[in-house]
file model.txt (compact mmCIF, C-alpha atoms)
# COMPACT_ATOMS: atom_id res chain seq x y z
CA MET F 1 45.31 -17.09 -7.24
CA THR F 2 46.05 -18.52 -10.71
CA ASP F 3 48.37 -17.03 -13.29
CA HIS F 4 45.85 -16.64 -16.10
CA GLY F 5 43.79 -13.45 -16.15
CA SER F 6 45.89 -11.54 -13.64
CA GLY F 7 47.29 -8.91 -16.00
CA PRO F 8 46.51 -5.27 -15.15
CA ALA F 9 45.02 -4.48 -18.60
CA ARG F 10 42.67 -7.47 -18.45
CA PRO F 11 39.07 -6.61 -19.45
CA VAL F 12 36.33 -7.25 -16.90
CA PRO F 13 35.67 -11.01 -17.06
CA ALA F 14 32.23 -12.31 -17.92
CA GLY F 15 31.90 -13.55 -14.34
CA GLY F 16 32.54 -10.05 -12.92
CA ARG F 17 28.99 -8.88 -13.37
CA ARG F 18 27.59 -12.05 -11.89
CA ALA F 19 30.00 -11.69 -8.97
CA ALA F 20 28.77 -8.11 -8.43
CA TRP F 21 25.15 -9.34 -8.44
CA ALA F 22 26.04 -11.98 -5.83
CA THR F 23 28.01 -9.47 -3.74
CA GLY F 24 25.13 -7.00 -3.65
CA ALA F 25 22.54 -9.65 -2.88
CA ARG F 26 24.64 -11.19 -0.11
CA ALA F 27 25.37 -7.81 1.49
CA ALA F 28 21.63 -7.12 1.59
CA VAL F 29 20.67 -10.28 3.52
CA PRO F 30 21.19 -9.08 7.14
CA PHE F 31 19.35 -5.84 6.36
CA THR F 32 16.58 -7.82 4.69
CA VAL F 33 15.92 -9.81 7.88
CA ALA F 34 15.31 -6.55 9.76
CA ILE F 35 13.30 -5.08 6.89
CA PHE F 36 11.15 -8.23 6.72
CA ALA F 37 10.27 -7.80 10.42
CA PHE F 38 9.72 -4.09 9.83
CA GLY F 39 7.43 -5.03 6.90
CA ILE F 40 5.33 -7.28 9.13
CA SER F 41 4.80 -4.43 11.61
CA PHE F 42 3.93 -2.10 8.74
CA GLY F 43 1.36 -4.59 7.42
CA VAL F 44 -0.23 -4.87 10.86
CA LEU F 45 -0.30 -1.08 11.34
CA ALA F 46 -1.75 -0.54 7.86
CA LYS F 47 -4.45 -3.12 8.49
CA GLY F 48 -5.31 -1.35 11.75
CA ALA F 49 -5.61 1.92 9.79
CA GLY F 50 -8.19 0.38 7.44
CA PHE F 51 -5.88 -0.61 4.57
CA GLY F 52 -6.68 -3.85 2.77
CA ALA F 53 -3.89 -6.37 2.18
CA LEU F 54 -3.72 -5.36 -1.50
CA ALA F 55 -3.49 -1.63 -0.68
CA ALA F 56 -0.81 -2.16 1.97
CA THR F 57 1.26 -4.52 -0.21
CA SER F 58 0.92 -2.28 -3.29
CA MET F 59 2.11 0.65 -1.19
CA SER F 60 5.18 -1.30 -0.07
CA GLY F 61 5.92 -2.51 -3.59
CA LEU F 62 5.58 0.88 -5.26
CA VAL F 63 6.77 3.29 -2.54
CA PHE F 64 9.41 1.06 -0.90
CA VAL F 65 10.29 3.61 1.81
CA GLY F 66 9.54 2.33 5.31
CA SER F 67 9.76 5.63 7.16
CA SER F 68 7.57 7.39 4.62
CA GLN F 69 4.90 4.66 4.60
CA PHE F 70 4.89 4.44 8.40
CA ALA F 71 4.55 8.21 8.65
CA ALA F 72 1.62 8.31 6.21
CA VAL F 73 -0.24 5.45 7.87
CA SER F 74 0.51 6.79 11.38
CA VAL F 75 -1.11 10.11 10.48
CA ILE F 76 -4.27 8.20 9.52
CA VAL F 77 -4.12 6.05 12.67
CA ASN F 78 -3.95 9.27 14.71
CA GLY F 79 -7.06 10.59 12.96
CA GLY F 80 -5.48 12.77 10.24
CA GLY F 81 -6.78 13.10 6.67
CA TRP F 82 -5.33 11.60 3.48
CA ALA F 83 -3.68 14.88 2.42
CA ALA F 84 -1.83 15.24 5.74
CA ALA F 85 -0.81 11.58 5.44
CA ALA F 86 0.54 12.01 1.90
CA VAL F 87 2.40 15.21 2.84
CA ALA F 88 4.04 13.55 5.87
CA GLY F 89 5.13 10.59 3.71
CA THR F 90 6.38 12.82 0.91
CA LEU F 91 8.49 15.00 3.22
CA LEU F 92 10.31 11.92 4.51
CA ASN F 93 11.07 11.01 0.88
CA LEU F 94 12.85 14.27 0.11
CA ARG F 95 16.20 12.82 1.15
CA TYR F 96 15.97 10.50 -1.87
CA LEU F 97 16.22 13.54 -4.09
CA VAL F 98 19.77 13.91 -2.79
CA MET F 99 20.60 10.19 -2.93
CA GLY F 100 19.02 9.86 -6.37
CA PHE F 101 21.19 12.64 -7.74
CA ALA F 102 24.32 11.12 -6.22
CA ILE F 103 23.71 7.75 -7.84
CA LEU F 104 22.56 9.08 -11.23
CA PRO F 105 25.99 8.83 -12.99
CA ALA F 106 26.07 5.07 -12.26
CA LEU F 107 22.73 4.35 -13.95
CA ARG F 108 22.26 3.52 -17.63
CA GLY F 109 19.74 3.95 -20.40
CA GLY F 110 17.12 6.57 -21.11
CA ARG F 111 15.39 8.89 -18.68
CA VAL F 112 12.53 6.53 -17.90
CA ARG F 113 14.75 3.50 -17.37
CA ARG F 114 17.04 5.44 -15.04
CA ALA F 115 14.02 6.77 -13.17
CA VAL F 116 12.69 3.24 -12.71
CA GLU F 117 16.09 1.93 -11.56
CA SER F 118 16.25 4.83 -9.09
CA GLN F 119 13.15 3.43 -7.36
CA LEU F 120 15.35 0.71 -5.83
CA VAL F 121 17.31 3.36 -3.92
CA ILE F 122 16.83 3.15 -0.16
CA GLU F 123 19.44 3.84 2.53
CA GLU F 124 20.62 0.23 2.62
CA SER F 125 20.92 -0.38 -1.14
CA TRP F 126 22.48 3.06 -1.59
CA ALA F 127 25.11 2.27 1.04
CA ILE F 128 25.79 -1.20 -0.40
CA ALA F 129 26.23 0.28 -3.90
CA SER F 130 28.63 3.01 -2.78
CA ASP F 131 32.35 2.63 -3.37
CA ALA F 132 35.03 4.19 -1.19
CA ASP F 133 35.89 6.67 -3.94
CA GLY F 134 32.41 8.21 -3.82
CA ARG F 135 31.17 6.43 -6.96
CA PHE F 136 28.36 3.89 -7.14
CA ASP F 137 27.98 0.43 -8.64
CA ARG F 138 24.75 -0.04 -10.60
CA VAL F 139 24.70 -3.85 -10.35
CA ARG F 140 25.14 -3.83 -6.57
CA LEU F 141 22.37 -1.23 -6.26
CA LEU F 142 19.95 -3.34 -8.30
CA SER F 143 20.82 -6.72 -6.75
CA SER F 144 20.72 -5.51 -3.13
CA GLY F 145 17.64 -3.42 -3.91
CA VAL F 146 15.71 -6.40 -5.28
CA VAL F 147 16.53 -8.56 -2.24
CA LEU F 148 15.53 -5.78 0.18
CA TRP F 149 12.38 -5.10 -1.86
CA LEU F 150 11.30 -8.75 -1.65
CA GLY F 151 11.78 -8.75 2.13
CA TRP F 152 9.80 -5.54 2.53
CA VAL F 153 6.90 -6.57 0.28
CA LEU F 154 6.59 -10.14 1.61
CA GLY F 155 6.82 -8.86 5.20
CA THR F 156 4.03 -6.36 4.54
CA LEU F 157 1.87 -9.04 2.95
CA LEU F 158 2.39 -11.36 5.91
CA GLY F 159 1.55 -8.59 8.39
CA ALA F 160 -1.54 -7.54 6.44
CA ILE F 161 -3.02 -11.04 5.96
CA GLY F 162 -1.62 -12.51 9.19
CA PRO F 163 -3.65 -13.44 12.26
CA PHE F 164 -3.26 -10.03 13.94
CA LYS F 165 -6.31 -7.88 14.71
CA ALA F 166 -6.47 -4.25 15.85
CA VAL F 167 -7.00 -5.29 19.47
CA ASP F 168 -4.01 -7.64 19.20
CA ILE F 169 -1.85 -4.60 18.52
CA LEU F 170 -2.41 -3.46 22.11
CA THR F 171 -2.26 -6.96 23.62
CA TYR F 172 1.07 -7.77 22.00
CA GLY F 173 2.54 -4.29 22.58
CA LEU F 174 2.86 -3.64 18.84
CA ASP F 175 1.90 0.02 19.32
CA ALA F 176 5.36 0.51 20.89
CA VAL F 177 7.08 -0.82 17.76
CA SER F 178 6.42 2.26 15.65
CA PRO F 179 8.18 4.85 17.91
CA VAL F 180 11.09 2.40 18.32
CA LEU F 181 11.42 1.92 14.57
CA PHE F 182 11.42 5.66 14.04
CA PHE F 183 14.12 5.93 16.68
CA LEU F 184 16.19 3.24 14.95
CA LEU F 185 15.80 5.14 11.68
CA LEU F 186 16.68 8.39 13.46
CA ALA F 187 19.85 7.13 15.22
CA PRO F 188 22.12 7.09 12.12
CA HIS F 189 21.11 10.69 11.36
CA LEU F 190 22.47 12.03 14.68
CA GLY F 191 26.12 12.04 13.62
CA THR F 192 26.86 15.71 14.31
CA GLY F 193 26.06 18.00 17.23
CA SER F 194 23.95 20.32 15.09
CA LYS F 195 21.85 17.41 13.80
CA ARG F 196 21.32 16.27 17.38
CA THR F 197 20.17 19.74 18.48
CA ALA F 198 17.85 19.95 15.46
CA ALA F 199 16.35 16.55 16.35
CA ALA F 200 16.07 17.44 20.05
CA THR F 201 14.41 20.77 19.26
CA ALA F 202 11.96 19.05 16.92
CA ALA F 203 11.21 16.41 19.57
CA ALA F 204 10.54 19.08 22.20
CA CYS F 205 8.24 20.99 19.83
CA ALA F 206 6.40 17.77 18.99
CA ALA F 207 5.85 17.05 22.71
CA VAL F 208 4.44 20.55 23.27
CA LEU F 209 2.23 20.35 20.17
CA THR F 210 0.94 16.91 21.20
CA ALA F 211 0.21 18.28 24.69
CA VAL F 212 -1.92 21.06 23.19
CA ALA F 213 -3.64 18.50 20.89
CA VAL F 214 -2.29 19.63 17.48
CA PRO F 215 0.35 16.93 16.77
CA ASP F 216 -0.11 17.16 12.98
CA THR F 217 1.40 20.67 12.95
CA ALA F 218 4.68 19.21 14.27
CA ILE F 219 5.57 18.06 10.72
CA ALA F 220 5.47 21.68 9.53
CA VAL F 221 7.48 22.77 12.58
CA ALA F 222 10.15 20.17 11.66
CA CYS F 223 10.44 21.82 8.23
CA VAL F 224 10.90 25.23 9.85
CA ILE F 225 13.55 23.81 12.18
CA ALA F 226 15.38 22.27 9.19
CA VAL F 227 15.32 25.66 7.39
CA VAL F 228 16.66 27.45 10.47
CA TRP F 229 19.45 24.90 11.00
CA THR F 230 20.36 24.99 7.30
CA TRP F 231 20.59 28.77 7.45
CA ARG F 232 22.64 28.68 10.67
CA SER F 233 25.12 26.19 9.18
CA ARG F 234 26.09 28.44 6.25
CA MET I 1 -12.34 5.46 8.72
CA SER I 2 -13.03 8.55 6.65
CA SER I 3 -9.82 8.50 4.61
CA ASP I 4 -9.65 6.28 1.58
CA PRO I 5 -6.44 4.22 1.89
CA TRP I 6 -6.13 3.99 -1.90
CA ILE I 7 -5.97 7.79 -2.19
CA VAL I 8 -3.03 7.83 0.23
CA VAL I 9 -1.34 4.96 -1.64
CA GLY I 10 -1.83 6.68 -5.02
CA ALA I 11 -0.63 10.07 -3.81
CA LEU I 12 2.44 8.65 -2.10
CA VAL I 13 3.32 6.36 -5.02
CA ALA I 14 3.18 9.35 -7.40
CA THR I 15 5.30 11.67 -5.24
CA THR I 16 7.81 8.91 -4.43
CA PHE I 17 8.27 8.03 -8.10
CA LEU I 18 8.86 11.67 -8.98
CA ILE I 19 11.24 12.28 -6.06
CA LYS I 20 13.31 9.12 -6.53
CA GLY I 21 13.33 9.55 -10.29
CA ALA I 22 13.79 13.32 -10.24
CA GLY I 23 17.46 13.02 -11.12
CA SER I 24 16.73 11.77 -14.61
CA LEU I 25 13.11 12.89 -15.07
CA VAL I 26 12.88 16.50 -13.96
CA MET I 27 16.26 18.06 -13.58
CA GLY I 28 18.05 16.78 -16.69
CA ASP I 29 21.65 17.93 -16.40
CA ARG I 30 20.98 20.76 -13.95
CA GLU I 31 22.36 20.63 -10.43
CA LEU I 32 20.45 20.91 -7.16
CA PRO I 33 21.11 24.15 -5.26
CA ALA I 34 24.02 23.85 -2.83
CA TRP I 35 21.86 24.38 0.24
CA PHE I 36 19.48 21.53 -0.57
CA PRO I 37 21.54 18.54 0.64
CA ARG I 38 22.17 20.40 3.92
CA PHE I 39 18.45 21.12 4.30
CA VAL I 40 17.62 17.43 3.84
CA GLU I 41 20.38 16.48 6.28
CA TYR I 42 18.52 18.43 8.95
CA LEU I 43 14.99 17.70 7.75
CA THR I 44 15.38 13.92 8.09
CA PRO I 45 16.42 13.82 11.78
CA ALA I 46 13.93 16.58 12.68
CA LEU I 47 11.01 14.73 11.05
CA LEU I 48 11.98 11.37 12.51
CA ALA I 49 12.33 12.91 15.98
CA VAL I 50 8.82 14.37 15.62
CA LEU I 51 7.52 10.94 14.64
CA VAL I 52 9.20 9.24 17.60
CA VAL I 53 7.48 11.67 20.00
CA THR I 54 4.04 11.68 18.38
CA GLN I 55 4.03 7.88 18.11
CA LEU I 56 5.20 7.53 21.71
CA VAL I 57 2.86 9.93 23.53
CA GLY I 58 0.14 10.58 20.96
CA ALA I 59 -3.02 8.49 20.55
CA ALA I 60 -5.94 8.44 18.17
CA GLY I 61 -8.82 10.53 19.46
CA ALA I 62 -6.89 11.62 22.56
CA HIS I 63 -6.36 15.29 23.37
CA GLY I 64 -3.00 15.93 24.96
CA MET I 65 -0.27 13.45 25.75
CA THR I 66 -0.98 9.83 26.65
CA PHE I 67 1.50 8.14 28.96
CA ASP I 68 1.04 4.36 28.90
CA ALA I 69 2.94 1.08 28.65
CA ARG I 70 4.54 2.22 25.39
CA LEU I 71 7.01 4.30 27.44
CA ALA I 72 8.26 1.20 29.26
CA GLY I 73 8.58 -0.68 25.98
CA PHE I 74 10.48 2.23 24.42
CA ALA I 75 12.84 2.41 27.42
CA GLY I 76 13.48 -1.33 27.20
CA ALA I 77 14.19 -1.06 23.48
CA LEU I 78 16.63 1.81 24.12
CA VAL I 79 18.54 -0.40 26.57
CA ALA I 80 18.63 -3.25 24.03
CA TRP I 81 19.80 -0.81 21.35
CA ARG I 82 22.57 0.54 23.62
CA LEU I 83 23.69 -3.05 24.16
CA LYS I 84 23.97 -3.35 20.36
CA ALA I 85 21.18 -5.91 20.04
CA PRO I 86 20.16 -6.64 16.43
CA VAL I 87 17.17 -4.70 15.09
CA PRO I 88 14.63 -7.58 15.24
CA LEU I 89 15.56 -8.18 18.90
CA VAL I 90 15.21 -4.47 19.75
CA ILE I 91 11.72 -4.52 18.23
CA LEU I 92 10.86 -7.73 20.07
CA VAL I 93 11.95 -6.18 23.39
CA ALA I 94 9.77 -3.10 22.72
CA ALA I 95 6.69 -5.21 22.06
CA ALA I 96 7.34 -7.73 24.86
CA VAL I 97 7.96 -5.09 27.57
CA THR I 98 4.92 -3.06 26.48
CA ALA I 99 2.70 -6.14 26.43
CA GLY I 100 4.05 -7.27 29.81
CA VAL I 101 3.52 -3.93 31.54
CA ARG I 102 0.05 -3.65 30.00
CA ALA I 103 -0.91 -7.16 31.14
CA LEU I 104 0.22 -6.42 34.70
CA SER I 105 -1.50 -3.05 35.05

call {"tool": "encode", "arguments": {"input": "model.txt", "output": "structure tokens"}}
result
Amino acid sequence: MTDHGSGPARPVPAGGRRAAWATGARAAVPFTVAIFAFGISFGVLAKGAGFGALAATSMSGLVFVGSSQFAAVSVIVNGGGWAAAAVAGTLLNLRYLVMGFAILPALRGGRVRRAVESQLVIEESWAIASDADGRFDRVRLLSSGVVLWLGWVLGTLLGAIGPFKAVDILTYGLDAVSPVLFFLLLAPHLGTGSKRTAAATAAACAAVLTAVAVPDTAIAVACVIAVVWTWRSR
Amino acid sequence: MSSDPWIVVGALVATTFLIKGAGSLVMGDRELPAWFPRFVEYLTPALLAVLVVTQLVGAAGAHGMTFDARLAGFAGALVAWRLKAPVPLVILVAAAVTAGVRALS
């Protein structure tokens, strides 16, 4: 602690922005390790679903939502059509409508620039950018978002061009990775009793619908459950 | 494979861009309805729970539920998760247990 530059009315020093970039990037590193591994599994799954390395990597670079991409590709793996796959992926993106609105006051520039910057919003970068007072830091969003994005895209590329084949997925038990990843994504959303009952009800419906061989309809049932729980919580 | 992967990529890229960018692109200064954040709060766990189940007991081309080594791998991963193992380790446990049970059976 030196005496110069410690006054309360001091303007933000030139190093402040760089420090915020470093803070965001550093905070993103542990998440990026997990996301890199997640990206590899996505690349392998996408390859098994008939996606080329370019298609899988483009999807990761431009969508940048693991749960949504996994959902879309899983629908195809389970024999669904492209429309069902796109709808499943889109529904899992709806939460970004809420997060995108929350972070909007922190972004700068015109509509298009803010819309492009919003693409770096995922749960991790959103959380890293959030301040305790409910506001958001644009630099931390962008710096953590870029680090996470690199991990996700490079992981996908490695999974898609790596030595894994479709039959390897069974041999190495990689078909169990996808339900576990969805569970890991689900766990932070079970904070309240009503969310847990909504999730449990949806899981039970999905089991019944899988048993009667119409698993694709479970996505629609999840929407109905969300409507009912929203209405009940008024 | 009847579905064209690029169609899925294109459709999802377009909807994701619009959803993530909706704040500045579509809504301008208007506010989302008050019920919408609550709806999404419930939609996300409900959808993810559906995906856990369909990925765990569903299978391509199978009618009805398929119980196989994935269940053992999932159980092992749950134990690792309860023990606060880091995410890559939880995933490794899931794959290793599933592969092990499958190799033995």

call {"tool": "atom_distance", "arguments": {"input": "model.txt", "atom1": "atom CA of F:Ser125", "atom2": "atom CA of F:Pro30"}}
result
12.0 Å

call {"tool": "closest_atom_pairs", "arguments": {"input": "model.txt", "of": "chain I", "to": "chain F", "cutoff": "7 Å", "atoms": "all atoms listed in the file", "output": "CSV"}}
result
residue,atom,partner,partner_atom,distance
I:Met1,CA,F:Gly50,CA,6.7
I:Ser3,CA,F:Trp82,CA,5.6
I:Pro5,CA,F:Phe51,CA,5.6
I:Trp6,CA,F:Ala55,CA,6.3
I:Ile7,CA,F:Trp82,CA,6.9
I:Val8,CA,F:Trp82,CA,5.5
I:Val9,CA,F:Met59,CA,5.5
I:Ala11,CA,F:Ala86,CA,6.1
I:Leu12,CA,F:Ala86,CA,5.6
I:Val13,CA,F:Val63,CA,5.2
I:Thr15,CA,F:Thr90,CA,6.3
I:Thr16,CA,F:Val63,CA,6.0
I:Phe17,CA,F:Gln119,CA,6.7
I:Ile19,CA,F:Leu97,CA,5.5
I:Lys20,CA,F:Tyr96,CA,5.5
I:Gly21,CA,F:Ala115,CA,4.1
I:Ala22,CA,F:Leu97,CA,6.6
I:Gly23,CA,F:Phe101,CA,5.0
I:Ser24,CA,F:Arg111,CA,5.2
I:Leu25,CA,F:Arg111,CA,5.9
I:Pro37,CA,F:Val98,CA,6.0
I:Arg38,CA,F:Thr230,CA,6.0
I:Phe39,CA,F:Thr230,CA,5.3
I:Val40,CA,F:Arg95,CA,5.5
I:Tyr42,CA,F:Ala226,CA,5.0
I:Leu43,CA,F:Ala226,CA,4.8
I:Thr44,CA,F:Leu92,CA,6.5
I:Pro45,CA,F:Ala199,CA,5.3
I:Ala46,CA,F:Ala199,CA,4.4
I:Leu47,CA,F:Ala222,CA,5.5
I:Leu48,CA,F:Leu186,CA,5.6
I:Ala49,CA,F:Ala203,CA,5.1
I:Val50,CA,F:Ala203,CA,5.0
I:Leu51,CA,F:Phe182,CA,6.6
I:Val52,CA,F:Pro179,CA,4.5
I:Val53,CA,F:Ala203,CA,6.0
I:Thr54,CA,F:Ala206,CA,6.6
I:Gln55,CA,F:Pro179,CA,5.1
I:Leu56,CA,F:Pro179,CA,5.5
I:Gly58,CA,F:Thr210,CA,6.4
I:Ala59,CA,F:Asn78,CA,6.0
I:Ala60,CA,F:Asn78,CA,4.1
I:Gly61,CA,F:Gly79,CA,6.7
I:His63,CA,F:Ala213,CA,4.9
I:Gly64,CA,F:Ala211,CA,4.0
I:Met65,CA,F:Ala211,CA,5.0
I:Arg70,CA,F:Ala176,CA,4.9
I:Gly73,CA,F:Ala176,CA,6.1
I:Phe74,CA,F:Val180,CA,6.1
I:Ala77,CA,F:Val180,CA,6.9
I:Val87,CA,F:Ala34,CA,5.9
I:Pro88,CA,F:Ala34,CA,5.6
I:Ile91,CA,F:Val177,CA,6.0
I:Ala94,CA,F:Ala176,CA,6.0
I:Ala95,CA,F:Gly173,CA,4.3
I:Ala96,CA,F:Gly173,CA,6.3
I:Thr98,CA,F:Gly173,CA,4.7
I:Ala99,CA,F:Gly173,CA,4.3

call {"tool": "atom_distance", "arguments": {"input": "model.txt", "atom1": "atom CA of I:Leu78", "atom2": "atom CA of F:Leu154"}}
result
27.4 Å

call {"tool": "atom_distance", "arguments": {"input": "model.txt", "atom1": "atom CA of F:Gly43", "atom2": "atom CA of I:Leu92"}}
result
16.1 Å

call {"tool": "closest_residue", "arguments": {"input": "model.txt", "among": "I:Ala80, I:Val57, I:Glu41, I:Leu71", "to": "I:Val93", "atoms": "only C-alpha atoms"}}
result
I:Ala80

call {"tool": "residues_around", "arguments": {"input": "model.txt", "residues": "I:Ser105", "least_positions_apart": "2", "cutoff": "10 Å", "atoms": "all atoms listed in the file", "output": "mmCIF file with C-alpha atoms, keeping the file's coordinate frame"}}
result
data_model
loop_
_atom_site.group_PDB
_atom_site.id
_atom_site.type_symbol
_atom_site.label_atom_id
_atom_site.label_comp_id
_atom_site.auth_asym_id
_atom_site.auth_seq_id
_atom_site.Cartn_x
_atom_site.Cartn_y
_atom_site.Cartn_z
ATOM 1 C CA ASP I 68 1.040 4.360 28.900
ATOM 2 C CA ALA I 69 2.940 1.080 28.650
ATOM 3 C CA GLY I 100 4.050 -7.270 29.810
ATOM 4 C CA VAL I 101 3.520 -3.930 31.540
ATOM 5 C CA ARG I 102 0.050 -3.650 30.000
ATOM 6 C CA ALA I 103 -0.910 -7.160 31.140
#
